[in-house]
file upload.tsv (TSV, C-alpha atoms)
chain	number	residue	atom	x	y	z
F	1	MET	CA	0.00	0.00	0.00
F	2	ASP	CA	1.24	3.48	-0.80
F	3	LYS	CA	2.50	5.62	2.00
F	4	PHE	CA	-0.06	8.19	0.95
F	5	GLU	CA	-2.92	5.80	1.65
F	6	GLN	CA	-1.54	5.00	5.08
F	7	ARG	CA	-1.70	8.68	5.91
F	8	LYS	CA	-4.81	9.64	4.02
F	9	GLY	CA	-7.20	8.98	6.91
F	10	GLY	CA	-5.59	11.67	9.03
F	11	THR	CA	-6.22	14.63	6.72
F	12	ASP	CA	-9.81	15.24	7.71
F	13	THR	CA	-8.93	15.87	11.31
F	14	LEU	CA	-6.48	18.69	10.73
F	15	SER	CA	-6.87	21.46	13.23
F	16	ASP	CA	-6.53	25.15	12.46
F	17	SER	CA	-3.26	25.25	14.32
F	18	THR	CA	-1.83	22.91	11.71
F	19	PHE	CA	-2.51	25.50	8.99
F	20	GLN	CA	-0.32	27.99	10.79
F	21	SER	CA	2.70	25.71	10.97
F	22	LYS	CA	5.46	26.88	8.68
F	23	ASP	CA	8.12	24.53	7.48
F	24	PRO	CA	10.37	26.14	4.91
F	25	ASP	CA	12.17	22.82	4.38
F	26	PHE	CA	8.89	21.17	3.49
F	27	ASP	CA	8.01	24.04	1.17
F	28	SER	CA	11.23	23.79	-0.79
F	29	TRP	CA	11.06	19.98	-0.80
F	30	LEU	CA	7.48	20.09	-2.10
F	31	SER	CA	8.35	22.67	-4.76
F	32	GLN	CA	11.24	20.52	-5.91
F	33	GLN	CA	9.09	17.41	-6.07
F	34	LEU	CA	6.31	19.18	-7.97
F	35	GLN	CA	8.73	20.66	-10.48
F	36	PHE	CA	10.74	17.45	-10.82
F	37	ASN	CA	7.64	15.41	-11.59
F	38	GLU	CA	6.32	17.82	-14.20
F	39	PRO	CA	6.89	16.52	-17.73
F	40	TYR	CA	8.03	18.87	-20.50
F	41	LEU	CA	5.30	18.97	-23.13
F	42	ASP	CA	6.74	18.83	-26.62
F	43	ASP	CA	5.71	21.64	-28.90
F	44	ASP	CA	4.29	19.11	-31.37
F	45	GLY	CA	3.11	21.78	-33.83
F	46	PHE	CA	1.48	23.90	-31.13
F	47	CYS	CA	3.61	26.97	-31.83
F	48	GLU	CA	2.95	26.73	-35.60
F	49	ARG	CA	-0.80	26.54	-35.00
F	50	VAL	CA	-0.66	29.66	-32.83
F	51	MET	CA	1.48	31.56	-35.32
F	52	GLU	CA	-0.83	30.67	-38.20
F	53	GLN	CA	-3.75	32.28	-36.43
F	54	LEU	CA	-2.07	35.50	-35.42
F	55	PRO	CA	-3.31	38.61	-37.22
F	56	ALA	CA	-0.81	40.21	-39.60
F	57	PRO	CA	1.43	42.78	-37.90
F	58	SER	CA	0.27	46.37	-38.34
F	59	ARG	CA	1.57	48.21	-41.41
F	60	ARG	CA	2.84	50.99	-39.18
F	61	ALA	CA	5.05	48.58	-37.26
F	62	GLU	CA	6.27	47.06	-40.54
F	63	ARG	CA	7.05	50.48	-42.01
F	64	ARG	CA	8.93	51.46	-38.87
F	65	ALA	CA	10.97	48.24	-39.01
F	66	THR	CA	11.78	48.87	-42.70
F	67	CYS	CA	12.82	52.46	-41.98
F	68	ILE	CA	15.12	51.27	-39.18
F	69	GLN	CA	16.70	48.70	-41.51
F	70	TYR	CA	17.28	51.26	-44.28
F	71	ALA	CA	18.70	53.75	-41.80
F	72	ALA	CA	21.12	51.10	-40.51
F	73	VAL	CA	22.27	50.26	-44.06
F	74	VAL	CA	22.71	53.95	-44.99
F	75	ALA	CA	24.67	54.59	-41.77
F	76	ALA	CA	26.92	51.58	-42.43
F	77	SER	CA	27.51	52.73	-46.03
F	78	ALA	CA	28.32	56.26	-44.86
F	79	ILE	CA	30.93	54.95	-42.42
F	80	VAL	CA	32.51	52.81	-45.14
F	81	ALA	CA	32.51	55.73	-47.59
F	82	TRP	CA	34.03	58.00	-44.95
F	83	GLN	CA	36.89	55.56	-44.29
F	84	PHE	CA	37.42	54.49	-47.90
F	85	PRO	CA	40.57	55.96	-49.56
F	86	PHE	CA	38.86	57.21	-52.72
F	87	GLY	CA	41.77	59.52	-53.63
F	88	GLU	CA	44.34	56.77	-53.56
F	89	VAL	CA	42.13	54.41	-55.53
F	90	LEU	CA	41.44	57.04	-58.19
F	91	SER	CA	45.08	57.98	-58.58
F	92	GLU	CA	46.07	54.32	-58.74
F	93	ALA	CA	43.34	53.73	-61.34
F	94	ALA	CA	44.65	56.66	-63.37
F	95	ARG	CA	48.19	55.31	-63.15
F	96	GLN	CA	46.97	51.87	-64.29
F	97	SER	CA	44.98	53.48	-67.17
F	98	ILE	CA	41.65	52.03	-65.93
F	99	SER	CA	38.61	53.82	-67.28
F	100	LEU	CA	37.06	56.08	-64.64
F	101	TYR	CA	33.55	55.24	-65.87
F	102	SER	CA	34.00	51.49	-65.54
F	103	LEU	CA	35.49	52.02	-62.08
F	104	ILE	CA	32.52	54.13	-60.94
F	105	GLY	CA	30.07	51.67	-62.50
F	106	LEU	CA	31.72	48.77	-60.71
F	107	GLY	CA	31.65	50.69	-57.43
F	108	ILE	CA	27.95	51.53	-57.76
F	109	LEU	CA	27.05	47.94	-58.66
F	110	SER	CA	29.03	46.54	-55.71
F	111	SER	CA	27.41	49.03	-53.34
F	112	LEU	CA	23.93	48.16	-54.59
F	113	ALA	CA	24.63	44.45	-54.24
F	114	ALA	CA	25.96	44.92	-50.70
F	115	MET	CA	22.99	47.09	-49.68
F	116	THR	CA	20.45	44.67	-51.14
F	117	GLY	CA	22.15	41.76	-49.39
F	118	GLY	CA	22.17	43.68	-46.12
F	119	ILE	CA	18.47	44.55	-46.36
F	120	LEU	CA	17.50	41.00	-47.30
F	121	ALA	CA	19.53	39.61	-44.41
F	122	ALA	CA	17.97	42.10	-41.99
F	123	ARG	CA	14.44	41.24	-43.15
F	124	ARG	CA	15.09	37.54	-42.70
J	125	MET	CA	21.40	34.32	-27.14
J	126	ASP	CA	18.09	34.19	-25.26
J	127	LEU	CA	16.38	37.56	-25.15
J	128	SER	CA	14.38	38.53	-22.08
J	129	ASP	CA	10.58	38.59	-22.21
J	130	GLU	CA	10.68	42.41	-22.14
J	131	ASP	CA	13.01	42.59	-25.17
J	132	LEU	CA	10.89	40.12	-27.13
J	133	ILE	CA	7.72	42.04	-26.29
J	134	ARG	CA	9.35	45.29	-27.40
J	135	ARG	CA	10.25	43.68	-30.73
J	136	VAL	CA	6.71	42.42	-31.23
J	137	VAL	CA	5.07	45.74	-30.39
J	138	ASP	CA	7.55	48.16	-31.99
J	139	GLU	CA	8.63	46.17	-35.02
J	140	GLY	CA	5.71	43.80	-35.57
J	141	ASP	CA	8.23	40.96	-35.28
J	142	GLN	CA	6.18	37.78	-35.09
J	143	ARG	CA	9.27	35.61	-34.75
J	144	ALA	CA	9.89	37.28	-31.41
J	145	TYR	CA	6.40	36.26	-30.35
J	146	ALA	CA	7.06	32.71	-31.53
J	147	GLN	CA	9.96	32.64	-29.06
J	148	LEU	CA	7.63	33.64	-26.26
J	149	VAL	CA	5.16	30.92	-27.28
J	150	ARG	CA	7.91	28.30	-27.29
J	151	ARG	CA	9.16	29.54	-23.93
J	152	TYR	CA	5.83	29.21	-22.15
J	153	GLN	CA	3.83	26.62	-24.10
J	154	SER	CA	4.78	23.60	-22.01
J	155	GLN	CA	4.15	25.21	-18.64
J	156	LEU	CA	0.90	26.84	-19.68
J	157	ARG	CA	-0.48	23.73	-21.38
J	158	PHE	CA	0.45	21.60	-18.37
J	159	SER	CA	-1.23	24.06	-15.99
J	160	LEU	CA	-4.37	24.24	-18.11
J	161	ARG	CA	-4.57	20.45	-18.36
J	162	GLN	CA	-4.90	20.41	-14.60
J	163	LEU	CA	-7.42	23.22	-14.66
J	164	CYS	CA	-9.46	21.45	-17.35
J	165	GLY	CA	-9.62	18.25	-15.33
J	166	GLY	CA	-7.34	16.32	-17.66
J	167	ASP	CA	-9.06	17.24	-20.94
J	168	GLN	CA	-5.87	17.72	-22.96
J	169	ALA	CA	-7.56	18.82	-26.20
J	170	LEU	CA	-9.56	21.49	-24.40
J	171	ALA	CA	-6.48	22.63	-22.47
J	172	ASP	CA	-4.48	22.98	-25.69
J	173	ASP	CA	-7.31	24.90	-27.37
J	174	MET	CA	-7.50	27.23	-24.41
J	175	ALA	CA	-3.72	27.70	-24.36
J	176	GLN	CA	-3.77	28.48	-28.09
J	177	GLU	CA	-6.56	31.00	-27.63
J	178	ALA	CA	-4.72	32.56	-24.70
J	179	PHE	CA	-1.56	33.07	-26.76
J	180	ILE	CA	-3.56	34.64	-29.61
J	181	LYS	CA	-5.49	36.89	-27.24
J	182	ALA	CA	-2.25	37.90	-25.50
J	183	TYR	CA	-0.70	38.77	-28.88
J	184	LYS	CA	-3.61	41.02	-29.80
J	185	ALA	CA	-3.52	42.71	-26.40
J	186	LEU	CA	0.26	43.01	-26.26
J	187	PRO	CA	0.36	46.74	-27.21
J	188	ALA	CA	-1.73	47.38	-24.08
J	189	PHE	CA	0.63	45.34	-21.86
J	190	ARG	CA	2.24	47.91	-19.60
J	191	GLY	CA	4.72	45.62	-17.91
J	192	ASP	CA	3.32	46.17	-14.41
J	193	ALA	CA	3.29	42.40	-13.97
J	194	ARG	CA	5.52	39.74	-15.45
J	195	PHE	CA	4.49	38.52	-18.90
J	196	SER	CA	3.93	35.02	-17.50
J	197	THR	CA	1.54	36.33	-14.82
J	198	TRP	CA	-0.36	38.32	-17.42
J	199	LEU	CA	-0.52	35.34	-19.79
J	200	TYR	CA	-1.74	33.04	-17.03
J	201	ARG	CA	-4.40	35.58	-16.07
J	202	ILE	CA	-5.69	35.61	-19.65
J	203	ALA	CA	-5.62	31.81	-19.85
J	204	TYR	CA	-7.36	31.30	-16.52
J	205	ASN	CA	-10.05	33.80	-17.50
J	206	LEU	CA	-10.63	31.92	-20.74
J	207	VAL	CA	-10.91	28.56	-18.99
J	208	MET	CA	-13.21	29.89	-16.28
J	209	SER	CA	-15.40	31.58	-18.85
J	210	HIS	CA	-15.48	28.38	-20.92
J	211	LYS	CA	-16.38	26.36	-17.84
J	212	ARG	CA	-19.23	28.74	-17.02
J	213	LYS	CA	-20.63	28.51	-20.56
J	214	ASN	CA	-20.09	24.80	-21.11
J	215	ALA	CA	-20.46	23.33	-17.67
J	216	PRO	CA	-22.74	20.44	-18.68
J	217	GLU	CA	-20.81	19.65	-21.83
J	218	VAL	CA	-17.54	18.37	-20.47
J	219	ASP	CA	-16.07	15.88	-22.92
J	220	GLN	CA	-16.07	12.97	-20.52
J	221	GLU	CA	-14.64	10.62	-23.12
J	222	ALA	CA	-11.62	12.86	-23.59
J	223	VAL	CA	-11.19	13.12	-19.83
J	224	ASP	CA	-11.37	9.35	-19.39
J	225	ARG	CA	-8.98	8.81	-22.28
J	226	ALA	CA	-6.50	11.25	-20.77
J	227	ARG	CA	-6.87	9.69	-17.33
J	228	SER	CA	-6.34	6.18	-18.62
J	229	GLN	CA	-3.29	7.45	-20.47
J	230	GLU	CA	-2.11	9.09	-17.28
J	231	SER	CA	-2.58	5.91	-15.31
J	232	VAL	CA	-0.43	4.03	-17.81
J	233	GLU	CA	2.24	6.69	-17.49
J	234	GLU	CA	1.87	6.76	-13.74
J	235	SER	CA	2.50	3.05	-13.48
J	236	HIS	CA	6.02	3.81	-14.69
J	237	GLN	CA	6.60	6.55	-12.19
J	238	LEU	CA	8.22	6.10	-8.86
J	239	GLY	CA	6.05	5.69	-5.78
J	240	MET	CA	6.86	9.21	-4.65
J	241	ALA	CA	5.47	10.75	-7.81
J	242	ARG	CA	2.38	8.59	-7.64
J	243	ASP	CA	1.74	9.51	-4.02
J	244	LEU	CA	2.34	13.17	-4.75
J	245	ASN	CA	-0.23	13.05	-7.56
J	246	SER	CA	-2.71	11.28	-5.29
J	247	ALA	CA	-2.12	13.80	-2.53
J	248	MET	CA	-2.62	16.69	-4.96
J	249	SER	CA	-5.84	15.20	-6.25
J	250	ALA	CA	-7.11	14.94	-2.67
J	251	LEU	CA	-7.00	18.75	-2.43
J	252	SER	CA	-9.89	20.96	-3.41
J	253	GLU	CA	-9.72	22.53	-6.89
J	254	ALA	CA	-8.84	25.96	-5.49
J	255	GLN	CA	-6.20	24.57	-3.14
J	256	ARG	CA	-4.64	22.56	-5.94
J	257	GLN	CA	-4.49	25.60	-8.20
J	258	ALA	CA	-3.06	27.79	-5.45
J	259	VAL	CA	-0.34	25.24	-4.67
J	260	HIS	CA	0.34	24.72	-8.36
J	261	LEU	CA	0.78	28.44	-9.04
J	262	CYS	CA	2.74	29.29	-5.88
J	263	MET	CA	4.84	26.19	-5.25
J	264	GLN	CA	5.22	24.71	-8.72
J	265	ARG	CA	5.25	27.80	-10.91
J	266	GLY	CA	6.88	30.09	-8.37
J	267	PHE	CA	4.30	32.87	-8.55
J	268	SER	CA	4.00	35.01	-5.43
J	269	HIS	CA	0.77	34.91	-3.44
J	270	GLU	CA	-0.13	38.29	-4.91
J	271	GLU	CA	0.43	37.07	-8.47
J	272	ALA	CA	-1.57	33.91	-7.83
J	273	ALA	CA	-4.39	35.99	-6.37
J	274	SER	CA	-4.39	38.17	-9.45
J	275	ILE	CA	-4.41	35.13	-11.76
J	276	MET	CA	-7.15	33.30	-9.85
J	277	LYS	CA	-9.09	36.53	-9.28
J	278	LEU	CA	-9.35	35.79	-5.58
J	279	PRO	CA	-8.57	37.97	-2.57
J	280	LEU	CA	-4.98	37.65	-1.36
J	281	GLY	CA	-6.07	36.30	2.01
J	282	THR	CA	-8.10	33.55	0.37
J	283	VAL	CA	-5.14	32.41	-1.71
J	284	LYS	CA	-2.87	32.39	1.34
J	285	SER	CA	-5.45	30.37	3.20
J	286	HIS	CA	-5.73	27.88	0.31
J	287	VAL	CA	-1.96	27.49	0.20
J	288	ASN	CA	-1.68	27.05	3.96
J	289	ARG	CA	-4.44	24.49	4.15
J	290	ALA	CA	-3.12	22.60	1.17
J	291	ARG	CA	0.39	22.67	2.57
J	292	ALA	CA	-0.83	21.26	5.89
J	293	LYS	CA	-2.72	18.46	4.14
J	294	LEU	CA	0.20	17.60	1.88
J	295	GLN	CA	2.60	17.71	4.79
J	296	THR	CA	0.54	15.11	6.60
J	297	MET	CA	-0.06	12.94	3.57
J	298	LEU	CA	3.56	12.96	2.44
J	299	GLN	CA	5.17	12.79	5.88
J	300	ALA	CA	6.33	9.21	5.39
J	301	TRP	CA	8.34	10.18	2.30
J	302	ARG	CA	9.98	13.04	4.11
J	303	GLU	CA	10.85	10.84	7.06
J	304	ASP	CA	12.43	8.35	4.66
J	305	LEU	CA	14.45	11.15	3.15
J	306	VAL	CA	15.57	12.52	6.51
J	307	ASN	CA	16.43	9.06	7.88
J	308	GLY	CA	18.23	8.14	4.68
call {"tool": "encode", "arguments": {"input": "upload.tsv", "output": "structure tokens"}}
result
Amino acid sequence: MDKFEQRKGGTDTLSDSTFQSKDPDFDSWLSQQLQFNEPYLDDDGFCERVMEQLPAPSRRAERRATCIQYAAVVAASAIVAWQFPFGEVLSEAARQSISLYSLIGLGILSSLAAMTGGILAARR
Amino acid sequence: MDLSDEDLIRRVVDEGDQRAYAQLVRRYQSQLRFSLRQLCGGDQALADDMAQEAFIKAYKALPAFRGDARFSTWLYRIAYNLVMSHKRKNAPEVDQEAVDRARSQESVEESHQLGMARDLNSAMSALSEAQRQAVHLCMQRGFSHEEAASIMKLPLGTVKSHVNRARAKLQTMLQAWREDLVNG
């Protein structure tokens, strides 16, 4: 027979003074037992079901998020441009007889590619 | 890196970031579903439906969440309200088959548990519904008496009384286990 059943009969005769008794050791022991015996419930598609039923985020919040992302990309580009040795590159290009137009075109294309990549990564 | 609840909530509200909310759902789904299963008398399907509804309702109300309480307290309050309201509306229509199915499943699982766990479950089920919920929230979930009172919508004194009475009962019923532990 379980120990619980051996004791069960005594619970109905608890006096009020029993309610007042404080036993911190018992409290922590009971908390531990309750938490230890609690199973972890696997997600099992629960989260997906919740997410499917959420309303779409407000357009205002989306616009704000997009603005923040663009601002971050522009700031990053400005820092790079500020640090980039344009003068040296241009003089070196002139010395190497590289067409200024193709150099500028290449620069613009690379910048656009980097910015697009940055925005896509941020949105993901 | 795990973001705090506050950071995730800020992302959801300010940036409309639903992935941040998904993290909150994953963080609390197990605890909430387990708690609601107890509150729904073992009807797992109903408990999961209620938990799902609670998460959706919490998401919609998130902009109004002022952070006075912890997110978990607030979420539990929403969930408990939903279950209580459901119980009031559908009192005669409890899915007894689902309850029996869940209980038979539980008894199979319980047969594999140690005697301590089995006795603890029996002792918990000997408590009244309110006492069980108060002990569950305060001693298992770690909510303060004030938080539990706010979740259960009961006066603070009533919750304290439930916890004290339940503690006294459990202490008596589980004394043998504690003595074993103390005596080695």
call {"tool": "closest_atom_pairs", "arguments": {"input": "upload.tsv", "of": "stretch 41-101 of chain F", "to": "stretch 159-181 of chain J", "cutoff": "10 Å", "atoms": "all atoms listed in the file", "output": "CSV"}}
result
residue,atom,partner,partner_atom,distance
F:Phe46,CA,J:Gln176,CA,7.6
F:Cys47,CA,J:Gln176,CA,8.4
F:Arg49,CA,J:Gln176,CA,7.8
F:Val50,CA,J:Gln176,CA,5.8
F:Met51,CA,J:Ile180,CA,8.2
F:Glu52,CA,J:Ile180,CA,9.8
F:Gln53,CA,J:Ile180,CA,7.2
F:Leu54,CA,J:Ile180,CA,6.1
F:Pro55,CA,J:Ile180,CA,8.6
call {"tool": "closest_residue", "arguments": {"input": "upload.tsv", "among": "F:Leu112, F:Leu34, F:Ser102, F:Ser77", "to": "J:Met248", "atoms": "only C-alpha atoms"}}
result
F:Leu34
call {"tool": "interface_residues", "arguments": {"input": "upload.tsv", "of": "chain J", "to": "chain F", "cutoff": "7 Å", "atoms": "all atoms listed in the file", "output": "PDB file with C-alpha atoms, keeping the file's coordinate frame"}}
result
ATOM      1  CA  ASP J 138       7.550  48.160 -31.990  1.00  0.00           C
ATOM      2  CA  GLU J 139       8.630  46.170 -35.020  1.00  0.00           C
ATOM      3  CA  GLY J 140       5.710  43.800 -35.570  1.00  0.00           C
ATOM      4  CA  ALA J 146       7.060  32.710 -31.530  1.00  0.00           C
ATOM      5  CA  VAL J 149       5.160  30.920 -27.280  1.00  0.00           C
ATOM      6  CA  ARG J 150       7.910  28.300 -27.290  1.00  0.00           C
ATOM      7  CA  SER J 154       4.780  23.600 -22.010  1.00  0.00           C
ATOM      8  CA  GLN J 176      -3.770  28.480 -28.090  1.00  0.00           C
ATOM      9  CA  ILE J 180      -3.560  34.640 -29.610  1.00  0.00           C
ATOM     10  CA  ALA J 241       5.470  10.750  -7.810  1.00  0.00           C
ATOM     11  CA  ASP J 243       1.740   9.510  -4.020  1.00  0.00           C
ATOM     12  CA  ALA J 247      -2.120  13.800  -2.530  1.00  0.00           C
ATOM     13  CA  MET J 263       4.840  26.190  -5.250  1.00  0.00           C
ATOM     14  CA  GLN J 264       5.220  24.710  -8.720  1.00  0.00           C
ATOM     15  CA  ASN J 288      -1.680  27.050   3.960  1.00  0.00           C
ATOM     16  CA  ARG J 289      -4.440  24.490   4.150  1.00  0.00           C
ATOM     17  CA  ALA J 292      -0.830  21.260   5.890  1.00  0.00           C
ATOM     18  CA  LYS J 293      -2.720  18.460   4.140  1.00  0.00           C
ATOM     19  CA  THR J 296       0.540  15.110   6.600  1.00  0.00           C
ATOM     20  CA  MET J 297      -0.060  12.940   3.570  1.00  0.00           C
ATOM     21  CA  LEU J 298       3.560  12.960   2.440  1.00  0.00           C
ATOM     22  CA  ALA J 300       6.330   9.210   5.390  1.00  0.00           C
TER      23      ALA J 300
END
call {"tool": "residues_around", "arguments": {"input": "upload.tsv", "residues": "J:Ala144", "least_positions_apart": "6", "cutoff": "8 Å", "atoms": "all atoms listed in the file", "output": "PyMOL selection string"}}
result
chain J and resi 132-133+135-136
call {"tool": "residues_near_point", "arguments": {"input": "upload.tsv", "point": "(19.3, 49.1, -39.5)", "cutoff": "12 Å", "atoms": "only C-alpha atoms", "output": "count of residues only"}}
result
22
call {"tool": "closest_residue", "arguments": {"input": "upload.tsv", "among": "J:Lys213, J:Val283, J:Met240, J:Gln155", "to": "J:Arg265", "atoms": "all atoms listed in the file"}}
result
J:Gln155
call {"tool": "atom_distance", "arguments": {"input": "upload.tsv", "atom1": "atom CA of J:Ala188", "atom2": "atom CA of J:Ile202"}}
result
13.2 Å
call {"tool": "atom_distance", "arguments": {"input": "upload.tsv", "atom1": "atom CA of J:Leu261", "atom2": "atom CA of J:Met208"}}
result
15.8 Å
call {"tool": "atom_distance", "arguments": {"input": "upload.tsv", "atom1": "atom CA of J:Leu186", "atom2": "atom CA of J:Val137"}}
result
6.9 Å
